[in-house]
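What's in run-v7.cif: mmCIF, C-alpha atoms
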data_final
loop_
_atom_site.group_PDB
_atom_site.id
_atom_site.type_symbol
_atom_site.label_atom_id
_atom_site.label_comp_id
_atom_site.auth_asym_id
_atom_site.auth_seq_id
_atom_site.Cartn_x
_atom_site.Cartn_y
_atom_site.Cartn_z
ATOM 1 C CA MET A 1 -16.008 43.799 -31.070
ATOM 2 C CA ASN A 2 -14.708 47.196 -32.136
ATOM 3 C CA ILE A 3 -10.926 47.434 -32.388
ATOM 4 C CA GLY A 4 -10.990 50.657 -34.394
ATOM 5 C CA GLN A 5 -9.292 51.463 -37.678
ATOM 6 C CA VAL A 6 -5.652 51.194 -36.630
ATOM 7 C CA SER A 7 -4.593 48.463 -34.226
ATOM 8 C CA THR A 8 -0.920 48.189 -33.351
ATOM 9 C CA ALA A 9 0.848 44.861 -32.931
ATOM 10 C CA MET A 10 3.262 46.000 -30.213
ATOM 11 C CA VAL A 11 6.962 45.263 -30.068
ATOM 12 C CA THR A 12 8.224 43.861 -26.773
ATOM 13 C CA PRO A 13 10.904 46.112 -25.251
ATOM 14 C CA PHE A 14 13.888 44.321 -23.718
ATOM 15 C CA GLN A 15 16.534 45.395 -21.224
ATOM 16 C CA LYS A 16 20.260 44.867 -21.819
ATOM 17 C CA ASP A 17 20.135 41.538 -20.004
ATOM 18 C CA GLY A 18 17.374 40.336 -22.344
ATOM 19 C CA SER A 19 14.516 40.547 -19.849
ATOM 20 C CA ILE A 20 11.308 42.458 -20.602
ATOM 21 C CA ASP A 21 11.641 46.194 -20.021
ATOM 22 C CA TYR A 22 8.366 47.179 -18.380
ATOM 23 C CA ILE A 23 9.286 50.845 -18.009
ATOM 24 C CA ALA A 24 9.861 51.101 -21.766
ATOM 25 C CA THR A 25 6.675 49.104 -22.352
ATOM 26 C CA GLU A 26 4.620 51.662 -20.452
ATOM 27 C CA LYS A 27 6.221 54.506 -22.419
ATOM 28 C CA LEU A 28 5.462 52.672 -25.654
ATOM 29 C CA ILE A 29 1.822 52.157 -24.676
ATOM 30 C CA GLU A 30 1.362 55.864 -23.965
ATOM 31 C CA HIS A 31 3.093 56.824 -27.221
ATOM 32 C CA LEU A 32 0.841 54.537 -29.252
ATOM 33 C CA LEU A 33 -2.366 55.672 -27.589
ATOM 34 C CA THR A 34 -1.586 59.306 -28.378
ATOM 35 C CA ASN A 35 -0.424 58.641 -31.938
ATOM 36 C CA GLY A 36 -3.209 57.002 -33.876
ATOM 37 C CA THR A 37 -3.648 53.599 -32.237
ATOM 38 C CA ASP A 38 -7.217 52.436 -31.517
ATOM 39 C CA SER A 39 -6.304 49.074 -29.943
ATOM 40 C CA LEU A 40 -3.247 47.047 -29.005
ATOM 41 C CA VAL A 41 -2.072 43.531 -29.798
ATOM 42 C CA VAL A 42 0.338 42.098 -27.240
ATOM 43 C CA CYS A 43 2.426 38.936 -27.706
ATOM 44 C CA GLY A 44 2.035 38.843 -31.463
ATOM 45 C CA THR A 45 4.831 38.071 -33.901
ATOM 46 C CA THR A 46 5.956 41.710 -33.766
ATOM 47 C CA GLY A 47 6.269 41.213 -30.015
ATOM 48 C CA GLU A 48 8.743 38.380 -30.665
ATOM 49 C CA SER A 49 6.283 35.914 -29.186
ATOM 50 C CA PRO A 50 8.223 32.847 -30.395
ATOM 51 C CA THR A 51 11.002 33.822 -27.969
ATOM 52 C CA LEU A 52 8.770 34.597 -24.981
ATOM 53 C CA SER A 53 8.138 31.939 -22.362
ATOM 54 C CA THR A 54 4.564 31.293 -21.246
ATOM 55 C CA ASP A 55 5.272 33.028 -17.936
ATOM 56 C CA GLU A 56 6.695 36.053 -19.752
ATOM 57 C CA LYS A 57 3.649 36.214 -22.023
ATOM 58 C CA LEU A 58 1.253 36.145 -19.094
ATOM 59 C CA SER A 59 3.241 38.743 -17.182
ATOM 60 C CA LEU A 60 3.362 41.029 -20.216
ATOM 61 C CA ILE A 61 -0.332 40.583 -20.964
ATOM 62 C CA GLN A 62 -1.239 41.407 -17.364
ATOM 63 C CA PHE A 63 0.983 44.489 -17.391
ATOM 64 C CA VAL A 64 -0.490 45.853 -20.629
ATOM 65 C CA VAL A 65 -4.070 45.216 -19.492
ATOM 66 C CA GLU A 66 -3.416 47.064 -16.239
ATOM 67 C CA LYS A 67 -1.636 50.021 -17.834
ATOM 68 C CA VAL A 68 -4.176 50.441 -20.629
ATOM 69 C CA ASN A 69 -6.957 50.271 -18.017
ATOM 70 C CA LYS A 70 -9.809 49.875 -20.522
ATOM 71 C CA ARG A 71 -8.857 52.959 -22.550
ATOM 72 C CA VAL A 72 -8.668 50.816 -25.692
ATOM 73 C CA PRO A 73 -9.197 47.113 -26.403
ATOM 74 C CA VAL A 74 -6.239 44.822 -25.679
ATOM 75 C CA ILE A 75 -5.886 41.749 -27.874
ATOM 76 C CA ALA A 76 -3.607 38.906 -26.791
ATOM 77 C CA GLY A 77 -1.810 36.688 -29.266
ATOM 78 C CA THR A 78 -2.438 33.232 -27.809
ATOM 79 C CA GLY A 79 -2.388 30.970 -30.845
ATOM 80 C CA SER A 80 0.202 28.362 -31.763
ATOM 81 C CA ASN A 81 0.425 25.120 -33.744
ATOM 82 C CA ASN A 82 -0.682 23.199 -30.654
ATOM 83 C CA THR A 83 -4.443 23.455 -30.164
ATOM 84 C CA ALA A 84 -4.429 22.346 -26.523
ATOM 85 C CA ALA A 85 -1.656 24.805 -25.662
ATOM 86 C CA SER A 86 -3.502 27.575 -27.499
ATOM 87 C CA ILE A 87 -6.623 26.900 -25.453
ATOM 88 C CA ASP A 88 -4.658 26.880 -22.211
ATOM 89 C CA LEU A 89 -2.953 30.203 -22.930
ATOM 90 C CA SER A 90 -6.215 31.712 -24.189
ATOM 91 C CA LEU A 91 -8.027 30.852 -20.967
ATOM 92 C CA LYS A 92 -5.200 32.296 -18.879
ATOM 93 C CA ALA A 93 -5.213 35.497 -20.959
ATOM 94 C CA GLU A 94 -8.995 35.713 -20.594
ATOM 95 C CA ALA A 95 -8.599 35.502 -16.814
ATOM 96 C CA LEU A 96 -6.170 38.429 -16.966
ATOM 97 C CA GLY A 97 -8.808 40.674 -18.536
ATOM 98 C CA VAL A 98 -7.914 40.927 -22.225
ATOM 99 C CA ASP A 99 -10.690 42.005 -24.564
ATOM 100 C CA ALA A 100 -10.035 39.591 -27.417
ATOM 101 C CA LEU A 101 -7.693 36.879 -28.658
ATOM 102 C CA MET A 102 -5.663 36.735 -31.852
ATOM 103 C CA ILE A 103 -5.173 33.159 -33.058
ATOM 104 C CA VAL A 104 -2.663 32.480 -35.819
ATOM 105 C CA THR A 105 -3.087 29.686 -38.336
ATOM 106 C CA PRO A 106 -1.143 26.623 -37.123
ATOM 107 C CA TYR A 107 2.395 26.750 -38.483
ATOM 108 C CA TYR A 108 4.972 24.084 -39.297
ATOM 109 C CA ASN A 109 2.729 21.025 -38.957
ATOM 110 C CA LYS A 110 0.845 22.099 -42.123
ATOM 111 C CA PRO A 111 -2.745 21.059 -41.342
ATOM 112 C CA ASN A 112 -5.289 20.927 -44.155
ATOM 113 C CA GLN A 113 -8.372 23.154 -44.278
ATOM 114 C CA ARG A 114 -10.466 20.766 -42.159
ATOM 115 C CA GLY A 115 -7.709 20.637 -39.544
ATOM 116 C CA MET A 116 -7.445 24.425 -39.364
ATOM 117 C CA ILE A 117 -11.202 24.846 -39.099
ATOM 118 C CA ALA A 118 -11.293 22.282 -36.282
ATOM 119 C CA HIS A 119 -8.400 24.112 -34.550
ATOM 120 C CA PHE A 120 -10.216 27.464 -34.538
ATOM 121 C CA LYS A 121 -13.547 25.910 -33.565
ATOM 122 C CA ALA A 122 -11.972 24.153 -30.580
ATOM 123 C CA ILE A 123 -10.480 27.413 -29.314
ATOM 124 C CA ALA A 124 -13.711 29.345 -29.930
ATOM 125 C CA ASN A 125 -15.665 26.711 -27.982
ATOM 126 C CA ALA A 126 -13.288 26.979 -25.024
ATOM 127 C CA THR A 127 -13.413 30.741 -24.475
ATOM 128 C CA THR A 128 -16.070 33.438 -24.309
ATOM 129 C CA LEU A 129 -13.821 36.122 -25.834
ATOM 130 C CA PRO A 130 -14.039 37.502 -29.381
ATOM 131 C CA ILE A 131 -11.459 35.966 -31.693
ATOM 132 C CA VAL A 132 -9.322 37.498 -34.425
ATOM 133 C CA VAL A 133 -8.252 34.828 -36.908
ATOM 134 C CA TYR A 134 -4.738 35.588 -38.152
ATOM 135 C CA ASN A 135 -4.013 34.252 -41.631
ATOM 136 C CA ILE A 136 -0.358 34.652 -42.594
ATOM 137 C CA PRO A 137 0.738 32.064 -45.160
ATOM 138 C CA GLY A 138 4.224 33.538 -45.445
ATOM 139 C CA ARG A 139 4.989 32.520 -41.866
ATOM 140 C CA SER A 140 2.711 29.541 -41.290
ATOM 141 C CA VAL A 141 3.185 27.930 -44.750
ATOM 142 C CA VAL A 142 -0.555 27.182 -44.919
ATOM 143 C CA ASN A 143 -3.220 29.505 -46.313
ATOM 144 C CA LEU A 144 -6.611 29.565 -44.651
ATOM 145 C CA GLU A 145 -8.730 29.654 -47.787
ATOM 146 C CA PRO A 146 -11.586 32.157 -48.154
ATOM 147 C CA GLU A 147 -14.155 29.358 -47.993
ATOM 148 C CA SER A 148 -12.735 28.256 -44.640
ATOM 149 C CA ILE A 149 -12.806 31.811 -43.284
ATOM 150 C CA VAL A 150 -16.411 32.154 -44.436
ATOM 151 C CA GLU A 151 -17.300 28.973 -42.549
ATOM 152 C CA LEU A 152 -15.519 30.181 -39.418
ATOM 153 C CA SER A 153 -17.280 33.556 -39.627
ATOM 154 C CA GLU A 154 -20.528 31.778 -38.795
ATOM 155 C CA ILE A 155 -19.207 31.141 -35.266
ATOM 156 C CA PRO A 156 -20.430 34.150 -33.214
ATOM 157 C CA SER A 157 -17.163 34.696 -31.335
ATOM 158 C CA ILE A 158 -15.039 34.668 -34.510
ATOM 159 C CA GLN A 159 -15.564 38.252 -35.575
ATOM 160 C CA ILE A 160 -12.427 39.435 -37.390
ATOM 161 C CA VAL A 161 -9.798 38.098 -39.754
ATOM 162 C CA LYS A 162 -6.353 39.643 -39.958
ATOM 163 C CA GLU A 163 -5.531 38.893 -43.578
ATOM 164 C CA ALA A 164 -1.806 38.837 -44.283
ATOM 165 C CA SER A 165 -1.991 36.732 -47.426
ATOM 166 C CA GLY A 166 -1.215 39.844 -49.454
ATOM 167 C CA SER A 167 -4.046 38.949 -51.823
ATOM 168 C CA LEU A 168 -6.732 41.572 -52.370
ATOM 169 C CA ASP A 169 -8.593 38.980 -54.433
ATOM 170 C CA GLN A 170 -8.750 36.704 -51.395
ATOM 171 C CA MET A 171 -9.865 39.568 -49.164
ATOM 172 C CA THR A 172 -12.552 40.524 -51.706
ATOM 173 C CA LYS A 173 -13.885 36.983 -51.746
ATOM 174 C CA ILE A 174 -14.114 36.985 -47.941
ATOM 175 C CA LEU A 175 -15.887 40.334 -47.883
ATOM 176 C CA ALA A 176 -18.331 39.235 -50.582
ATOM 177 C CA ASN A 177 -19.342 36.052 -48.752
ATOM 178 C CA THR A 178 -19.511 37.059 -45.081
ATOM 179 C CA GLU A 179 -22.020 39.093 -43.123
ATOM 180 C CA GLU A 180 -21.445 42.826 -42.668
ATOM 181 C CA ASP A 181 -20.554 42.376 -39.008
ATOM 182 C CA PHE A 182 -17.604 40.128 -39.887
ATOM 183 C CA LEU A 183 -14.603 42.405 -40.290
ATOM 184 C CA VAL A 184 -11.546 42.096 -42.513
ATOM 185 C CA TYR A 185 -8.330 43.808 -41.431
ATOM 186 C CA SER A 186 -5.103 43.924 -43.378
ATOM 187 C CA GLY A 187 -1.993 42.378 -41.887
ATOM 188 C CA ASP A 188 0.155 44.204 -44.441
ATOM 189 C CA ASP A 189 0.645 47.921 -43.828
ATOM 190 C CA SER A 190 1.083 48.724 -47.501
ATOM 191 C CA LEU A 191 -2.382 47.328 -48.300
ATOM 192 C CA THR A 192 -4.216 49.462 -45.733
ATOM 193 C CA LEU A 193 -5.753 51.918 -48.174
ATOM 194 C CA PRO A 194 -6.443 49.376 -50.955
ATOM 195 C CA LEU A 195 -8.282 47.144 -48.474
ATOM 196 C CA ILE A 196 -10.298 50.064 -47.097
ATOM 197 C CA ALA A 197 -11.268 50.884 -50.688
ATOM 198 C CA ILE A 198 -12.788 47.422 -51.243
ATOM 199 C CA GLY A 199 -14.687 47.386 -47.958
ATOM 200 C CA GLY A 200 -12.152 46.342 -45.322
ATOM 201 C CA SER A 201 -12.217 47.756 -41.812
ATOM 202 C CA GLY A 202 -8.618 48.724 -41.090
ATOM 203 C CA ILE A 203 -5.116 47.564 -40.327
ATOM 204 C CA ILE A 204 -3.413 45.544 -37.609
ATOM 205 C CA SER A 205 -0.189 47.380 -38.031
ATOM 206 C CA VAL A 206 3.523 47.465 -37.409
ATOM 207 C CA ALA A 207 4.154 50.796 -39.129
ATOM 208 C CA SER A 208 1.761 52.543 -36.738
ATOM 209 C CA HIS A 209 4.546 52.458 -34.150
ATOM 210 C CA VAL A 210 6.088 55.404 -36.022
ATOM 211 C CA ILE A 211 3.491 56.681 -38.534
ATOM 212 C CA GLY A 212 0.237 55.845 -36.767
ATOM 213 C CA THR A 213 -1.211 59.349 -36.922
ATOM 214 C CA GLU A 214 -0.684 59.566 -40.680
ATOM 215 C CA MET A 215 -2.301 56.158 -41.178
ATOM 216 C CA GLN A 216 -5.297 57.195 -39.105
ATOM 217 C CA VAL A 217 -5.697 60.449 -41.048
ATOM 218 C CA MET A 218 -5.383 58.591 -44.360
ATOM 219 C CA ILE A 219 -8.257 56.261 -43.461
ATOM 220 C CA GLN A 220 -10.403 59.101 -42.142
ATOM 221 C CA LEU A 221 -9.865 61.112 -45.322
ATOM 222 C CA PHE A 222 -10.913 58.169 -47.456
ATOM 223 C CA HIS A 223 -14.122 57.684 -45.475
ATOM 224 C CA ALA A 224 -14.800 61.426 -45.782
ATOM 225 C CA GLY A 225 -14.653 61.121 -49.569
ATOM 226 C CA GLU A 226 -11.270 62.860 -49.837
ATOM 227 C CA HIS A 227 -9.825 60.060 -51.920
ATOM 228 C CA LYS A 228 -7.057 62.052 -53.586
ATOM 229 C CA LYS A 229 -5.797 63.334 -50.237
ATOM 230 C CA ALA A 230 -5.901 59.834 -48.807
ATOM 231 C CA SER A 231 -4.006 58.547 -51.839
ATOM 232 C CA SER A 232 -1.402 61.273 -51.424
ATOM 233 C CA ILE A 233 -0.704 60.178 -47.841
ATOM 234 C CA HIS A 234 -0.519 56.537 -48.953
ATOM 235 C CA GLN A 235 2.053 57.421 -51.594
ATOM 236 C CA ARG A 236 4.109 59.440 -49.119
ATOM 237 C CA ILE A 237 4.236 56.831 -46.353
ATOM 238 C CA LEU A 238 4.512 53.747 -48.566
ATOM 239 C CA PRO A 239 8.345 53.828 -48.714
ATOM 240 C CA VAL A 240 8.481 53.801 -44.891
ATOM 241 C CA MET A 241 6.031 50.903 -44.740
ATOM 242 C CA LYS A 242 8.116 48.921 -47.212
ATOM 243 C CA ALA A 243 11.396 49.761 -45.476
ATOM 244 C CA LEU A 244 10.075 48.495 -42.143
ATOM 245 C CA PHE A 245 9.892 45.005 -43.650
ATOM 246 C CA GLU A 246 13.231 44.958 -45.463
ATOM 247 C CA HIS A 247 14.525 42.748 -42.657
ATOM 248 C CA PRO A 248 12.744 40.275 -40.358
ATOM 249 C CA ASN A 249 10.033 41.918 -38.275
ATOM 250 C CA PRO A 250 10.454 43.596 -35.749
ATOM 251 C CA VAL A 251 14.142 44.295 -36.496
ATOM 252 C CA VAL A 252 13.552 47.530 -38.407
ATOM 253 C CA VAL A 253 10.648 48.932 -36.390
ATOM 254 C CA LYS A 254 12.684 48.640 -33.186
ATOM 255 C CA TYR A 255 15.398 50.712 -34.833
ATOM 256 C CA ALA A 256 12.791 53.131 -36.227
ATOM 257 C CA LEU A 257 11.402 53.715 -32.736
ATOM 258 C CA SER A 258 14.841 54.885 -31.648
ATOM 259 C CA LYS A 259 14.617 57.533 -34.384
ATOM 260 C CA ILE A 260 11.648 59.099 -32.565
ATOM 261 C CA GLY A 261 13.226 58.863 -29.127
ATOM 262 C CA LEU A 262 11.716 55.596 -27.925
ATOM 263 C CA GLU A 263 14.377 53.096 -26.939
ATOM 264 C CA VAL A 264 12.944 49.578 -26.822
ATOM 265 C CA GLY A 265 16.170 47.613 -26.565
ATOM 266 C CA SER A 266 17.588 44.870 -28.696
ATOM 267 C CA LEU A 267 16.209 41.665 -30.153
ATOM 268 C CA ARG A 268 16.229 38.092 -28.990
ATOM 269 C CA LEU A 269 18.013 35.486 -31.048
ATOM 270 C CA PRO A 270 17.571 34.229 -33.690
ATOM 271 C CA LEU A 271 16.834 37.828 -34.734
ATOM 272 C CA VAL A 272 19.844 40.128 -34.946
ATOM 273 C CA GLU A 273 20.376 43.880 -35.183
ATOM 274 C CA MET A 274 20.708 45.722 -38.482
ATOM 275 C CA THR A 275 24.197 46.414 -39.760
ATOM 276 C CA SER A 276 25.433 50.002 -39.969
ATOM 277 C CA GLU A 277 24.893 49.904 -43.740
ATOM 278 C CA GLU A 278 21.317 48.688 -43.292
ATOM 279 C CA LYS A 279 20.638 51.429 -40.760
ATOM 280 C CA THR A 280 22.014 54.039 -43.165
ATOM 281 C CA ALA A 281 19.715 52.774 -45.913
ATOM 282 C CA PHE A 282 16.708 53.101 -43.614
ATOM 283 C CA ASP A 283 17.881 56.538 -42.448
ATOM 284 C CA ARG A 284 17.738 57.819 -46.024
ATOM 285 C CA ILE A 285 14.146 56.678 -46.435
ATOM 286 C CA TRP A 286 13.170 58.065 -43.022
ATOM 287 C CA GLU A 287 14.757 61.450 -43.730
ATOM 288 C CA SER A 288 13.005 61.638 -47.091
ATOM 289 C CA TYR A 289 9.706 60.921 -45.355
ATOM 290 C CA LEU A 290 10.326 63.661 -42.773
ATOM 291 C CA GLU A 291 11.163 66.148 -45.524
ATOM 292 C CA SER A 292 7.892 65.327 -47.281
ATOM 293 C CA LYS A 293 5.726 66.154 -44.246
#
Taking this structure as input, can you express it in the form of structure tokens?
Amino acid sequence: MNIGQVSTAMVTPFQKDGSIDYIATEKLIEHLLTNGTDSLVVCGTTGESPTLSTDEKLSLIQFVVEKVNKRVPVIAGTGSNNTAASIDLSLKAEALGVDALMIVTPYYNKPNQRGMIAHFKAIANATTLPIVVYNIPGRSVVNLEPESIVELSEIPSIQIVKEASGSLDQMTKILANTEEDFLVYSGDDSLTLPLIAIGGSGIISVASHVIGTEMQVMIQLFHAGEHKKASSIHQRILPVMKALFEHPNPVVVKYALSKIGLEVGSLRLPLVEMTSEEKTAFDRIWESYLESK
């Protein structure tokens, strides 16, 4: 499974009445594919998946698969804290033609390591698709420990981990104890270059909505041995990456997209729009970034 160096976890555009805006979704897809994105994640957290009904998820997945039309891999976020429901949605997404599944660690019910391993194994046994394990302790409250990820990596269909623990030590331990064909991606934009430097494969990104080309160039420069140039880009775009997470994701990135002429609508409750003061604070960082280009 090759999802490239920069995969974008897409926002879900909404119309004024709160329904999915498919016209804006198509525009967003085309923007991403021409600005540094190697693959797309649909119905992830950035896509406000907790507020999407099952029917909406399936409709959105089908739309993205059709519009992408095999140009890049499409990964569907089908995991939840209910194993049976995760399997059901995964099988339906597989039938719609997605290329892989992203399965988040079970949240809220706080399973132990054995429970999480059993959860991922059950899903892997039910589908033929490649699986991206998504470890995000900050949202799920449980951390899938490196030893558990190493055990899961022995399952042929579990090929990638999206590591959003924020711990380079944890990522290093995974890299040191898995086979070369098991890939580690960062789930934190600001750790893209550091993870690449220790042997990671790339980023499943939010920031790539607006700075995808720069992120792609940064990674390419590093692999070409131009480490100082790569570091310079990292330093220049880091304030934008940090600013995009000053408020709950995807609040800021939806506003940032409007700065580049892509209107993707509002948010669904319980997320709310930025205040005018918060927008002004982001504007200053964005303008500084543009001046530095």
Q) A:Met241, A:Ile29, A:Leu271, A:Ile149: which is nearest A:Ser190, counting all atoms listed in the file? A) A:Met241
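Applied to this file, the PyMOL selection byres ((chain A and resi 77) around 7) selects A:Val41, A:Val42, A:Cys43, A:Gly44, A:Ile75, A:Ala76, A:Thr78, A:Gly79, A:Leu101, A:Met102, A:Ile103.
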Q. Counting only C-alpha atoms, what is within 8 Å of stretch 221-230 of chain A, bar same-chain residues fewer than 4 positions away, as a ChimeraX atom specification?
A. /A:193,197,217,234
Q. Stretch 125-139 of chain A: which residues within 6 Å, counting all atoms listed in the file, same-chain residues fewer than 5 positions away excluded, as a list in words?
A.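 Counting only the stated atoms, we get Ala100, Leu101, Met102, Ile103, Val104, Thr105, Ser157, Ile158, Ile160, Val161, Lys162, Glu163, Ala164 and Ser165 of chain A.
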Would you tabulate, counting all atoms listed in the file, all residues of stretch 20-130 of chain A that have an atom at most 8 Å from an atom of stretch 245-268 of chain A, showing the closest pair of atoms and their distance in Å to one decimal, sorted by chain then ascending number, as JSON lines?
{"residue": "A:Asp21", "atom": "CA", "partner": "A:Val264", "partner_atom": "CA", "distance": 7.7}
{"residue": "A:Ala24", "atom": "CA", "partner": "A:Val264", "partner_atom": "CA", "distance": 6.1}
{"residue": "A:Thr25", "atom": "CA", "partner": "A:Val264", "partner_atom": "CA", "distance": 7.7}
{"residue": "A:Lys27", "atom": "CA", "partner": "A:Leu262", "partner_atom": "CA", "distance": 7.9}
{"residue": "A:Leu28", "atom": "CA", "partner": "A:Leu262", "partner_atom": "CA", "distance": 7.3}
{"residue": "A:Thr45", "atom": "CA", "partner": "A:Asn249", "partner_atom": "CA", "distance": 7.8}
{"residue": "A:Thr46", "atom": "CA", "partner": "A:Pro250", "partner_atom": "CA", "distance": 5.3}
{"residue": "A:Gly47", "atom": "CA", "partner": "A:Pro250", "partner_atom": "CA", "distance": 7.5}
{"residue": "A:Glu48", "atom": "CA", "partner": "A:Pro250", "partner_atom": "CA", "distance": 7.5}
{"residue": "A:Thr51", "atom": "CA", "partner": "A:Arg268", "partner_atom": "CA", "distance": 6.8}
Q: Evaluate the PyMOL selection byres ((chain A and resi 70) around 12) here and jot the selected residues down as a PyMOL selection string.
A: chain A and resi 33+38-40+64-69+71-75+97-99
**Q.** Shell of 10 Å around A:Asp169, all atoms listed in the file, local chain residues under 4 positions omitted, as JSON, numbers by chain
**A.** {"A": [146, 165, 173, 174, 175, 198]}
Q. Mind telling me what the PyMOL selection byres ((chain A and resi 86) around 10) catches here, as a PyMOL selection string?
A. chain A and resi 77-85+87-92+103-104+106+119-120+122-123
Q | Polymer residues at most 8 Å from stretch 109-112 of chain A, only C-alpha atoms, same-chain spacing of 3 or more positions, as a ChimeraX atom specification | A | /A:81,106,115-116,140-142
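We find atom CA of A:Pro156 and atom CA of A:Met1 to be spaced 10.8 Å apart.
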Tell me, as a PDB file with C-alpha atoms, keeping the file's coordinate frame, which residues lie within 7 Å of stretch 275-282 of chain A, counting all atoms listed in the file; anything in the same chain fewer than 3 positions away does not count.
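Written output follows (part34.pdb):
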ATOM      1  CA  ALA A 243      11.396  49.761 -45.476  1.00  0.00           C
ATOM      2  CA  ILE A 285      14.146  56.678 -46.435  1.00  0.00           C
ATOM      3  CA  TRP A 286      13.170  58.065 -43.022  1.00  0.00           C
TER       4      TRP A 286
END
Could you give me, as a compact mmCIF listing (two decimals) with C-alpha atoms, keeping the file's coordinate frame, the residues that have an atom at most 7 Å away from the point (9.1, 43.9, -23.7) in the coordinates of the file, using only C-alpha atoms?
# COMPACT_ATOMS: atom_id res chain seq x y z
CA VAL A 11 6.96 45.26 -30.07
CA THR A 12 8.22 43.86 -26.77
CA PRO A 13 10.90 46.11 -25.25
CA PHE A 14 13.89 44.32 -23.72
CA ILE A 20 11.31 42.46 -20.60
CA ASP A 21 11.64 46.19 -20.02
CA TYR A 22 8.37 47.18 -18.38
CA THR A 25 6.68 49.10 -22.35
Q) So how far away is atom CA of A:Gly212 from atom CA of A:Ser7, in Å? A) 9.2 Å
Q: May I ask for the distance between atom CA of A:Glu180 and atom CA of A:Thr37, given in Å to one decimal place?
A: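 The value is 23.3 Å.
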